[in-house]
Protein chains: 8
Amino acid sequence: MAKVGIIMGSKSDLEIMSQAASFLKTMEIEYELTIVSAHRTPQLMFDYAQTARSKGFSVIIAGAGGAAHLPGMVASITTLPVIGVPIKSSNSIDGWDSMLSILQMPNGVPVATVALNGAKNAGTLAAQILGANNETIAEKLLEYKKTLREEVELSIKNLVL
Amino acid sequence: MAKVGIIMGSKSDLEIMSQAASFLKTMEIEYELTIVSAHRTPQLMFDYAQTARSKGFSVIIAGAGGAAHLPGMVASITTLPVIGVPIKSSNSIDGWDSMLSILQMPNGVPVATVALNGAKNAGTLAAQILGANNETIAEKLLEYKKTLREEVELSIKNLVL
Amino acid sequence: MAKVGIIMGSKSDLEIMSQAASFLKTMEIEYELTIVSAHRTPQLMFDYAQTARSKGFSVIIAGAGGAAHLPGMVASITTLPVIGVPIKSSNSIDGWDSMLSILQMPNGVPVATVALNGAKNAGTLAAQILGANNETIAEKLLEYKKTLREEVELSIKNLVL
Amino acid sequence: MAKVGIIMGSKSDLEIMSQAASFLKTMEIEYELTIVSAHRTPQLMFDYAQTARSKGFSVIIAGAGGAAHLPGMVASITTLPVIGVPIKSSNSIDGWDSMLSILQMPNGVPVATVALNGAKNAGTLAAQILGANNETIAEKLLEYKKTLREEVELSIKNLVL
Amino acid sequence: MAKVGIIMGSKSDLEIMSQAASFLKTMEIEYELTIVSAHRTPQLMFDYAQTARSKGFSVIIAGAGGAAHLPGMVASITTLPVIGVPIKSSNSIDGWDSMLSILQMPNGVPVATVALNGAKNAGTLAAQILGANNETIAEKLLEYKKTLREEVELSIKNLVL
Amino acid sequence: MAKVGIIMGSKSDLEIMSQAASFLKTMEIEYELTIVSAHRTPQLMFDYAQTARSKGFSVIIAGAGGAAHLPGMVASITTLPVIGVPIKSSNSIDGWDSMLSILQMPNGVPVATVALNGAKNAGTLAAQILGANNETIAEKLLEYKKTLREEVELSIKNLVL
Amino acid sequence: MAKVGIIMGSKSDLEIMSQAASFLKTMEIEYELTIVSAHRTPQLMFDYAQTARSKGFSVIIAGAGGAAHLPGMVASITTLPVIGVPIKSSNSIDGWDSMLSILQMPNGVPVATVALNGAKNAGTLAAQILGANNETIAEKLLEYKKTLREEVELSIKNLVL
Amino acid sequence: MAKVGIIMGSKSDLEIMSQAASFLKTMEIEYELTIVSAHRTPQLMFDYAQTARSKGFSVIIAGAGGAAHLPGMVASITTLPVIGVPIKSSNSIDGWDSMLSILQMPNGVPVATVALNGAKNAGTLAAQILGANNETIAEKLLEYKKTLREEVELSIKNLVL
């Protein structure tokens, strides 16, 4: 079955990026999570991207902070859809650097960018991509949308001023 | 076969958004392009989003400028992947408004955001999503990546200072 | 008598949005406060907006953070004046995202935007709107302006360097 | 009948601000348009704001560029609702200065801010404020919303790729 | 002898604005510090500005946060030089709002803007203005420059890695 | 009599900076205008700043674009008040670079910053500084304020919609 | 003798990047200029970076726009100093994207970033790097500094108001 | 042997700037670290820059916050390569001020700017500059790159979800 590859530039990104993994787990979607640094392990990044499809990945989620080149570089090598998660790291300029480094890719090499620190949404988007032509996942996403709605309905009921 | 829905908030977005259509055409991927305004035709937008999957769409590309709510609102209704194209319209604040309105979606409702005015890349990303588990499209994308490389190689050859 | 509807996208916005309610209470203006999420309960939002006038609301105050679509989407459905409160939520990009998502509405669908986290001022603006042709409220607003002035005068008196 | 006061800081703002007037004319709402500069005619501004209600105004629309103090200062003097229009003047820093100068008012003194150069929307918002408790205007606004929808529907029909 | 008027929009600005006073004290320059709010006490602000010269002030220092209209409005009324101190208040958008509201004044009505929270420098600038044609103050400023230099020289000496 | 020194970093700044000179001429205030580059003629800048007071200058106006160090460096050497004019040069990042380079001076070394390209206001501020204790200039500034007011009054009269 | 490698992501960058070449020519420093795209020719980029030192390069100048990954990725592979030139391309967000993508590199992998479109300065910096321990180049740079000074002195002489 | 000069505008910058020294120490590259303030000790800065080459320095690293003029001013005087470290000081506007003040230098006077607070990378860049034509340092840098890679490999091994 389809797999999602989750990578991040540094172990300090793990707390955020593991939210993508958690979401995929609730969707019963297989994933592999590891660390790949565009700047410290460029060859590993190349190998990862070049073999991603043949290893059975259907989507790659890549998170990075600062001058965040990982998502875009992986997208330059593979033809799989790459979801980019801008991370607001320390010394980042309020997250603007990672956001723009991931989002503003040139024609031919898109990165599907989600919100700052939005790893959970990266997981959701990966599920939506897999669910585009997969009824089981589509059902689960519908179910998930329902829980979102019910959470709001519950908070309305419990609203105390 | 899988279809891509391309929508935009205004006819003034057509020049940019038709680049998504053009790319899909070169990939021989079926698409339907129309105008749907979140703010001027909210009911139409609702209907569009709610029937998208049953009408055979697998991916939706939505472009909008200013306070760009179309991509996010469509994503709130459908479980299909939604690709958002921020458009730098007149009176936009340099595109920051559309970019942030599309990108910064809350948990549960992602929008796969591409670069400012990046409609061509939205088409490419849609093809990548469809190609994740489709060999024919994957082949074409590989071919496309080759043309990108060859363009650079040609411009190197022709380089005159 | 005229009523104000106060809505917010998430219960986490309550601490800020309840300041709108508190102000209206001091003005003895009736209000109803609840949670309506554009992204998690889009149908509820539609229903809320479509029935707002018939339910006796004269003004709607809507607060949201991040890609804040609630105020603008409500404004797309109702002809009542909608006051938008940008909220600086966690993972927001310093509030710029919610501010621009609410403010930069296209022609035809205005949102009366107040300052970041400015829920108290949203309450004040709602009172001013109701007071435009209502002498009682106008009197109370004049009285309120007087207390603002007196607060400054008192702090001048108590000024110790 | 209720009147709207439209003011602007400089005659160079007229091209944009007259769009508020045009909209009110189509709504058959009475208005008075003039120039009042916070910085060059502070006394005139004071007098304008202090007598606005007694002269029969129900809403004031104030547009200004750069360090745009006109809307906020008028709001500090009158209890009428004040709609602020940030104008992207020459030498403005991309409109950020006027936008923030108008929007970020302190508690007690709100300005209902609309989009950059959004004078037409200021007119619409003024009509919505007057229409909150006025059936005739409310009807016209509903009619206007219909024309917005029909414009989109027409552009869909005429869509040629 | 020449006096400096120090005003601020709110007592919450006192901690910062008192640094201007402290500096003037070390320069033995007379000053008066008080609270004047453009938005809550507009009439008081008018009176303050209109009588400033006749009361013997030579320079005015005005600090404010958010949509900071105090320095510019005082400058619109008096012909005295007005020094503006942008203050990074709570709910400010990182200080950009107060900075731009004070700095971007239109032709004819300058405000001598100093750095964010730069009240001490406002005091220094006031002293420089008074010292432009006053030998005693000029001497003290030269002395102050010397202490700045000596501080650096001392920190060089004490530098331990 | 008191003189104003006007300097700029490059001859390309002349079109804007000559507006300061023009204003001073109308005020009959003596000035000297020249080019001094912090980065290309650092020694000249040092000499200029160190001899400014002894040469009879009372105020210095310094304009520069990009990484604009001229105003701050002159202020680091002289105790005269230095007015800084941020200039939006080509390749500037929308003027933000020159604005922040001039405004954000550390404690001890203020620069009286005016609006982007605000050379005319720099001239006005210089006149206000000289007029703080000079009745003749103060009278002229009052006269100038009157012409500003009359311009607005005239544009009100001539207002045609 | 030492060589400088000049690369850029696209032939559209040539107009700007050739200014680096021109400067090196005036310094009589050997260079090679070509096109290398991080996103369209990632393998070429790898090869370029990995062989740069052995091919006799001492410094690399890399220019790119948008999500500009070329300078940082080259720096991740070679230990040569890499000078990055942010380019303000079309659809760039005012140059902020390329600037931050190049500048905000993580620890271990610096890029010596110059100003937006600052290719000429990249050439100057390359010369300074080579001239750090090379008397001939150092002499030429001193000569160049002299011409900069003389240009200013000439423009002072020719100054006509 | 070649030396690196490390300077900073204030002792408060020491915690960050000492990271440049630490890196050079691990590379066994000689350095001298001291405090030089452009604004408080301009003459010292001049002397430092003018004698830097003759004192045996090959590279200068200069860090400063706010309106950060130190790196650019040193670069205006010496022909040595100057590496600039923008520092996010208190009252800085999120670091934008120091970043732009250092980066946006005019043609002729480059500063090799590194990331915000990126003093360690400034040390690395200095080593790369010295290593461009020095085999021993080049070897050490290659070794350093290897440790960066090994750190990532170790964190992959230790990855626990």
# chains A, B, ... in the order shown; residues from 1 in each chain; ligands from 1
$ interface_residues --of "chain D" --to "chain E" --cutoff "6 Å" --atoms "only C-alpha atoms" --output "MDAnalysis selection string"
chainID D and resid 39 66:67 69 76 97 100:101 104:105
$ write_last_selection --atoms "all heavy atoms" --output "short mmCIF file (atom, residue, chain, number, x, y, z; two decimals), in the first residue's frame"
data_model
loop_
_atom_site.label_atom_id
_atom_site.label_comp_id
_atom_site.auth_asym_id
_atom_site.auth_seq_id
_atom_site.Cartn_x
_atom_site.Cartn_y
_atom_site.Cartn_z
N HIS D 39 -3.83 67.13 9.62
CA HIS D 39 -2.53 67.77 9.88
C HIS D 39 -2.45 69.21 9.39
O HIS D 39 -1.68 70.00 9.91
CB HIS D 39 -1.42 66.94 9.23
CG HIS D 39 -1.35 65.55 9.77
ND1 HIS D 39 -1.38 64.43 8.99
CD2 HIS D 39 -1.28 65.09 11.06
CE1 HIS D 39 -1.32 63.35 9.76
NE2 HIS D 39 -1.26 63.73 11.01
N GLY D 66 -0.42 57.55 4.14
CA GLY D 66 0.76 57.75 4.98
C GLY D 66 0.42 57.58 6.45
O GLY D 66 -0.30 56.66 6.82
N ALA D 67 0.97 58.47 7.30
CA ALA D 67 0.61 58.48 8.72
C ALA D 67 -0.80 59.03 8.79
O ALA D 67 -1.01 60.22 8.96
CB ALA D 67 1.59 59.34 9.51
N HIS D 69 -3.98 59.94 10.20
CA HIS D 69 -4.56 60.20 11.52
C HIS D 69 -6.01 60.66 11.44
O HIS D 69 -6.68 60.74 12.47
CB HIS D 69 -3.72 61.25 12.25
CG HIS D 69 -2.30 60.85 12.47
ND1 HIS D 69 -1.36 61.67 13.02
CD2 HIS D 69 -1.64 59.69 12.20
CE1 HIS D 69 -0.19 61.04 13.08
NE2 HIS D 69 -0.34 59.85 12.57
N SER D 76 -12.04 59.99 17.74
CA SER D 76 -11.77 60.35 19.14
C SER D 76 -12.72 61.44 19.62
O SER D 76 -12.87 61.66 20.82
CB SER D 76 -10.32 60.81 19.28
OG SER D 76 -10.16 62.15 18.84
N ASP D 97 1.79 51.89 6.01
CA ASP D 97 1.70 52.99 6.97
C ASP D 97 0.26 53.44 7.19
O ASP D 97 -0.21 53.54 8.33
CB ASP D 97 2.61 54.17 6.57
CG ASP D 97 2.62 54.45 5.08
OD1 ASP D 97 1.75 53.91 4.36
OD2 ASP D 97 3.49 55.20 4.62
N LEU D 100 -1.89 50.56 8.97
CA LEU D 100 -1.67 50.38 10.40
C LEU D 100 -2.07 51.61 11.20
O LEU D 100 -2.56 51.50 12.33
CB LEU D 100 -0.21 50.01 10.67
CG LEU D 100 0.21 48.65 10.12
CD1 LEU D 100 1.72 48.46 10.24
CD2 LEU D 100 -0.52 47.52 10.85
N SER D 101 -1.88 52.80 10.62
CA SER D 101 -2.24 54.04 11.33
C SER D 101 -3.75 54.13 11.56
O SER D 101 -4.20 54.81 12.47
CB SER D 101 -1.84 55.27 10.50
OG SER D 101 -0.47 55.31 10.26
N GLN D 104 -4.97 50.21 13.90
CA GLN D 104 -4.51 49.79 15.22
C GLN D 104 -4.90 50.74 16.35
O GLN D 104 -4.10 51.02 17.25
CB GLN D 104 -2.99 49.60 15.17
CG GLN D 104 -2.58 48.33 14.42
CD GLN D 104 -2.95 47.08 15.18
OE1 GLN D 104 -3.98 46.46 14.89
NE2 GLN D 104 -2.18 46.74 16.18
N MET D 105 -6.16 51.20 16.31
CA MET D 105 -6.64 52.15 17.32
C MET D 105 -6.74 51.50 18.71
O MET D 105 -7.02 50.33 18.84
CB MET D 105 -8.01 52.69 16.89
CG MET D 105 -7.95 53.58 15.66
SD MET D 105 -7.07 55.13 15.97
CE MET D 105 -8.23 55.97 17.05
#
$ calpha_fit_and_write --fixed "chain D" --moving "chain F" --output "PDB file with C-alpha atoms, in the first residue's frame"
ATOM      1  CA  MET F   1     -33.016  61.097   6.570  1.00  0.00           C
ATOM      2  CA  ALA F   2     -29.668  59.631   7.586  1.00  0.00           C
ATOM      3  CA  LYS F   3     -26.620  61.132   5.909  1.00  0.00           C
ATOM      4  CA  VAL F   4     -23.101  59.921   5.392  1.00  0.00           C
ATOM      5  CA  GLY F   5     -20.150  62.298   5.721  1.00  0.00           C
ATOM      6  CA  ILE F   6     -17.256  61.502   3.412  1.00  0.00           C
ATOM      7  CA  ILE F   7     -13.965  63.235   4.143  1.00  0.00           C
ATOM      8  CA  MET F   8     -10.416  62.843   2.922  1.00  0.00           C
ATOM      9  CA  GLY F   9      -7.084  64.331   3.879  1.00  0.00           C
ATOM     10  CA  SER F  10      -6.142  65.718   0.495  1.00  0.00           C
ATOM     11  CA  LYS F  11      -7.647  66.420  -2.909  1.00  0.00           C
ATOM     12  CA  SER F  12      -5.277  63.780  -4.302  1.00  0.00           C
ATOM     13  CA  ASP F  13      -7.437  61.220  -2.490  1.00  0.00           C
ATOM     14  CA  LEU F  14     -10.521  62.278  -4.430  1.00  0.00           C
ATOM     15  CA  GLU F  15     -10.242  59.764  -7.253  1.00  0.00           C
ATOM     16  CA  ILE F  16     -10.382  56.903  -4.771  1.00  0.00           C
ATOM     17  CA  MET F  17     -12.763  58.417  -2.229  1.00  0.00           C
ATOM     18  CA  SER F  18     -15.369  59.397  -4.820  1.00  0.00           C
ATOM     19  CA  GLN F  19     -16.034  55.661  -5.220  1.00  0.00           C
ATOM     20  CA  ALA F  20     -17.665  55.741  -1.797  1.00  0.00           C
ATOM     21  CA  ALA F  21     -19.877  58.559  -2.977  1.00  0.00           C
ATOM     22  CA  SER F  22     -20.787  56.755  -6.196  1.00  0.00           C
ATOM     23  CA  PHE F  23     -21.873  53.690  -4.299  1.00  0.00           C
ATOM     24  CA  LEU F  24     -24.028  55.674  -1.889  1.00  0.00           C
ATOM     25  CA  LYS F  25     -25.651  57.400  -4.864  1.00  0.00           C
ATOM     26  CA  THR F  26     -26.664  54.037  -6.334  1.00  0.00           C
ATOM     27  CA  MET F  27     -28.155  53.211  -2.934  1.00  0.00           C
ATOM     28  CA  GLU F  28     -29.968  56.586  -2.913  1.00  0.00           C
ATOM     29  CA  ILE F  29     -28.304  57.444   0.376  1.00  0.00           C
ATOM     30  CA  GLU F  30     -27.601  61.101   0.993  1.00  0.00           C
ATOM     31  CA  TYR F  31     -23.988  62.079   1.562  1.00  0.00           C
ATOM     32  CA  GLU F  32     -21.719  65.072   1.822  1.00  0.00           C
ATOM     33  CA  LEU F  33     -18.165  64.907   0.564  1.00  0.00           C
ATOM     34  CA  THR F  34     -15.428  67.340   1.485  1.00  0.00           C
ATOM     35  CA  ILE F  35     -11.756  67.665   2.334  1.00  0.00           C
ATOM     36  CA  VAL F  36     -10.624  67.806   5.940  1.00  0.00           C
ATOM     37  CA  SER F  37      -6.962  67.459   6.807  1.00  0.00           C
ATOM     38  CA  ALA F  38      -6.002  66.301  10.288  1.00  0.00           C
ATOM     39  CA  HIS F  39      -2.537  67.774   9.873  1.00  0.00           C
ATOM     40  CA  ARG F  40      -3.155  70.905   7.844  1.00  0.00           C
ATOM     41  CA  THR F  41      -6.592  71.896   9.178  1.00  0.00           C
ATOM     42  CA  PRO F  42      -6.752  70.379  12.672  1.00  0.00           C
ATOM     43  CA  GLN F  43      -9.310  72.932  13.898  1.00  0.00           C
ATOM     44  CA  LEU F  44     -11.581  72.253  10.925  1.00  0.00           C
ATOM     45  CA  MET F  45     -11.313  68.547  11.695  1.00  0.00           C
ATOM     46  CA  PHE F  46     -12.296  69.173  15.312  1.00  0.00           C
ATOM     47  CA  ASP F  47     -15.294  71.241  14.297  1.00  0.00           C
ATOM     48  CA  TYR F  48     -16.324  68.695  11.676  1.00  0.00           C
ATOM     49  CA  ALA F  49     -16.208  65.821  14.136  1.00  0.00           C
ATOM     50  CA  GLN F  50     -17.890  67.701  16.982  1.00  0.00           C
ATOM     51  CA  THR F  51     -20.862  68.837  14.925  1.00  0.00           C
ATOM     52  CA  ALA F  52     -21.245  65.717  12.793  1.00  0.00           C
ATOM     53  CA  ARG F  53     -24.093  64.155  14.739  1.00  0.00           C
ATOM     54  CA  SER F  54     -26.023  67.371  15.217  1.00  0.00           C
ATOM     55  CA  LYS F  55     -25.741  68.049  11.480  1.00  0.00           C
ATOM     56  CA  GLY F  56     -27.561  64.797  10.837  1.00  0.00           C
ATOM     57  CA  PHE F  57     -24.710  62.502   9.934  1.00  0.00           C
ATOM     58  CA  SER F  58     -25.099  58.891  10.982  1.00  0.00           C
ATOM     59  CA  VAL F  59     -21.815  57.528   9.652  1.00  0.00           C
ATOM     60  CA  ILE F  60     -18.511  59.133   8.693  1.00  0.00           C
ATOM     61  CA  ILE F  61     -16.179  57.763   6.043  1.00  0.00           C
ATOM     62  CA  ALA F  62     -12.627  59.107   6.309  1.00  0.00           C
ATOM     63  CA  GLY F  63      -9.805  58.301   3.918  1.00  0.00           C
ATOM     64  CA  ALA F  64      -6.135  59.181   4.302  1.00  0.00           C
ATOM     65  CA  GLY F  65      -2.659  58.017   3.310  1.00  0.00           C
ATOM     66  CA  GLY F  66       0.765  57.777   5.000  1.00  0.00           C
ATOM     67  CA  ALA F  67       0.617  58.507   8.725  1.00  0.00           C
ATOM     68  CA  ALA F  68      -3.168  58.545   8.407  1.00  0.00           C
ATOM     69  CA  HIS F  69      -4.560  60.204  11.521  1.00  0.00           C
ATOM     70  CA  LEU F  70      -7.817  61.589  10.145  1.00  0.00           C
ATOM     71  CA  PRO F  71     -10.114  58.579  10.762  1.00  0.00           C
ATOM     72  CA  GLY F  72      -8.799  57.934  14.272  1.00  0.00           C
ATOM     73  CA  MET F  73      -8.867  61.569  15.330  1.00  0.00           C
ATOM     74  CA  VAL F  74     -12.434  62.034  14.091  1.00  0.00           C
ATOM     75  CA  ALA F  75     -13.350  58.882  16.012  1.00  0.00           C
ATOM     76  CA  SER F  76     -11.772  60.348  19.130  1.00  0.00           C
ATOM     77  CA  ILE F  77     -14.200  63.284  19.037  1.00  0.00           C
ATOM     78  CA  THR F  78     -17.506  61.894  17.791  1.00  0.00           C
ATOM     79  CA  THR F  79     -19.481  58.872  18.955  1.00  0.00           C
ATOM     80  CA  LEU F  80     -20.675  58.165  15.428  1.00  0.00           C
ATOM     81  CA  PRO F  81     -19.239  55.085  13.689  1.00  0.00           C
ATOM     82  CA  VAL F  82     -16.189  56.096  11.628  1.00  0.00           C
ATOM     83  CA  ILE F  83     -15.149  54.032   8.612  1.00  0.00           C
ATOM     84  CA  GLY F  84     -11.462  54.380   7.727  1.00  0.00           C
ATOM     85  CA  VAL F  85     -10.063  53.963   4.214  1.00  0.00           C
ATOM     86  CA  PRO F  86      -6.278  53.456   4.060  1.00  0.00           C
ATOM     87  CA  ILE F  87      -4.962  55.064   0.877  1.00  0.00           C
ATOM     88  CA  LYS F  88      -1.768  53.997  -0.852  1.00  0.00           C
ATOM     89  CA  SER F  89      -0.355  57.422  -1.592  1.00  0.00           C
ATOM     90  CA  SER F  90       2.960  58.187  -3.253  1.00  0.00           C
ATOM     91  CA  ASN F  91       5.901  57.838  -0.808  1.00  0.00           C
ATOM     92  CA  SER F  92       3.711  55.583   1.291  1.00  0.00           C
ATOM     93  CA  ILE F  93       5.546  52.416   2.302  1.00  0.00           C
ATOM     94  CA  ASP F  94       3.393  50.166   0.116  1.00  0.00           C
ATOM     95  CA  GLY F  95       0.313  51.207   2.044  1.00  0.00           C
ATOM     96  CA  TRP F  96       1.419  49.594   5.304  1.00  0.00           C
ATOM     97  CA  ASP F  97       1.712  52.991   7.000  1.00  0.00           C
ATOM     98  CA  SER F  98      -1.834  54.146   6.280  1.00  0.00           C
ATOM     99  CA  MET F  99      -3.265  50.695   6.977  1.00  0.00           C
ATOM    100  CA  LEU F 100      -1.681  50.381  10.420  1.00  0.00           C
ATOM    101  CA  SER F 101      -2.251  54.046  11.339  1.00  0.00           C
ATOM    102  CA  ILE F 102      -5.969  53.577  10.803  1.00  0.00           C
ATOM    103  CA  LEU F 103      -6.501  50.022  12.008  1.00  0.00           C
ATOM    104  CA  GLN F 104      -4.517  49.796  15.242  1.00  0.00           C
ATOM    105  CA  MET F 105      -6.659  52.156  17.337  1.00  0.00           C
ATOM    106  CA  PRO F 106      -6.582  51.773  21.134  1.00  0.00           C
ATOM    107  CA  ASN F 107      -9.496  50.541  23.226  1.00  0.00           C
ATOM    108  CA  GLY F 108     -12.364  53.003  23.381  1.00  0.00           C
ATOM    109  CA  VAL F 109     -11.873  54.582  19.984  1.00  0.00           C
ATOM    110  CA  PRO F 110     -12.489  52.077  17.145  1.00  0.00           C
ATOM    111  CA  VAL F 111     -12.213  52.816  13.461  1.00  0.00           C
ATOM    112  CA  ALA F 112     -14.051  50.440  11.101  1.00  0.00           C
ATOM    113  CA  THR F 113     -11.174  49.856   8.704  1.00  0.00           C
ATOM    114  CA  VAL F 114     -11.676  48.571   5.157  1.00  0.00           C
ATOM    115  CA  ALA F 115      -9.148  47.333   2.577  1.00  0.00           C
ATOM    116  CA  LEU F 116      -6.367  49.451   1.101  1.00  0.00           C
ATOM    117  CA  ASN F 117      -7.953  51.924  -1.334  1.00  0.00           C
ATOM    118  CA  GLY F 118     -11.283  50.247  -0.484  1.00  0.00           C
ATOM    119  CA  ALA F 119     -13.447  53.375  -0.725  1.00  0.00           C
ATOM    120  CA  LYS F 120     -16.206  51.559  -2.591  1.00  0.00           C
ATOM    121  CA  ASN F 121     -16.416  49.071   0.257  1.00  0.00           C
ATOM    122  CA  ALA F 122     -16.508  51.961   2.721  1.00  0.00           C
ATOM    123  CA  GLY F 123     -19.632  53.113   0.907  1.00  0.00           C
ATOM    124  CA  THR F 124     -21.058  49.603   1.070  1.00  0.00           C
ATOM    125  CA  LEU F 125     -20.307  49.330   4.776  1.00  0.00           C
ATOM    126  CA  ALA F 126     -21.947  52.698   5.426  1.00  0.00           C
ATOM    127  CA  ALA F 127     -25.040  51.450   3.622  1.00  0.00           C
ATOM    128  CA  GLN F 128     -25.014  48.239   5.667  1.00  0.00           C
ATOM    129  CA  ILE F 129     -24.776  50.258   8.882  1.00  0.00           C
ATOM    130  CA  LEU F 130     -27.722  52.408   7.848  1.00  0.00           C
ATOM    131  CA  GLY F 131     -29.539  49.329   6.585  1.00  0.00           C
ATOM    132  CA  ALA F 132     -29.152  47.418   9.835  1.00  0.00           C
ATOM    133  CA  ASN F 133     -32.499  48.757  10.953  1.00  0.00           C
ATOM    134  CA  ASN F 134     -33.827  50.158   7.685  1.00  0.00           C
ATOM    135  CA  GLU F 135     -35.813  47.843   5.425  1.00  0.00           C
ATOM    136  CA  THR F 136     -35.518  49.988   2.284  1.00  0.00           C
ATOM    137  CA  ILE F 137     -31.743  50.073   2.360  1.00  0.00           C
ATOM    138  CA  ALA F 138     -31.598  46.417   3.371  1.00  0.00           C
ATOM    139  CA  GLU F 139     -33.641  45.575   0.273  1.00  0.00           C
ATOM    140  CA  LYS F 140     -31.287  47.535  -1.935  1.00  0.00           C
ATOM    141  CA  LEU F 141     -28.280  45.808  -0.433  1.00  0.00           C
ATOM    142  CA  LEU F 142     -29.883  42.457  -1.125  1.00  0.00           C
ATOM    143  CA  GLU F 143     -30.438  43.604  -4.687  1.00  0.00           C
ATOM    144  CA  TYR F 144     -26.806  44.675  -4.882  1.00  0.00           C
ATOM    145  CA  LYS F 145     -25.634  41.279  -3.618  1.00  0.00           C
ATOM    146  CA  LYS F 146     -27.726  39.768  -6.407  1.00  0.00           C
ATOM    147  CA  THR F 147     -25.977  41.873  -9.052  1.00  0.00           C
ATOM    148  CA  LEU F 148     -22.609  40.747  -7.671  1.00  0.00           C
ATOM    149  CA  ARG F 149     -23.726  37.152  -8.065  1.00  0.00           C
ATOM    150  CA  GLU F 150     -25.089  37.791 -11.545  1.00  0.00           C
ATOM    151  CA  GLU F 151     -21.833  39.388 -12.647  1.00  0.00           C
ATOM    152  CA  VAL F 152     -20.009  36.182 -11.721  1.00  0.00           C
ATOM    153  CA  GLU F 153     -22.652  34.069 -13.432  1.00  0.00           C
ATOM    154  CA  LEU F 154     -22.314  36.165 -16.568  1.00  0.00           C
ATOM    155  CA  SER F 155     -18.531  35.905 -16.567  1.00  0.00           C
ATOM    156  CA  ILE F 156     -18.887  32.122 -16.199  1.00  0.00           C
ATOM    157  CA  LYS F 157     -21.123  32.040 -19.279  1.00  0.00           C
ATOM    158  CA  ASN F 158     -18.747  34.203 -21.292  1.00  0.00           C
ATOM    159  CA  LEU F 159     -15.656  32.291 -20.220  1.00  0.00           C
ATOM    160  CA  VAL F 160     -13.485  31.578 -23.238  1.00  0.00           C
ATOM    161  CA  LEU F 161     -10.112  29.950 -22.766  1.00  0.00           C
TER     162      LEU F 161
END
$ select_by_dssp --residues "chain B" --states "strand (DSSP E or B)" --output "VMD selection string"
chain B and resid 3 to 8 30 to 35 57 to 65 82 to 87 112 to 113
$ select_by_dssp --residues "segment 12-111 of chain H" --states "alpha helix (DSSP H)" --output "ChimeraX atom specification"
/H:14-26,42-51,70-77,96-103
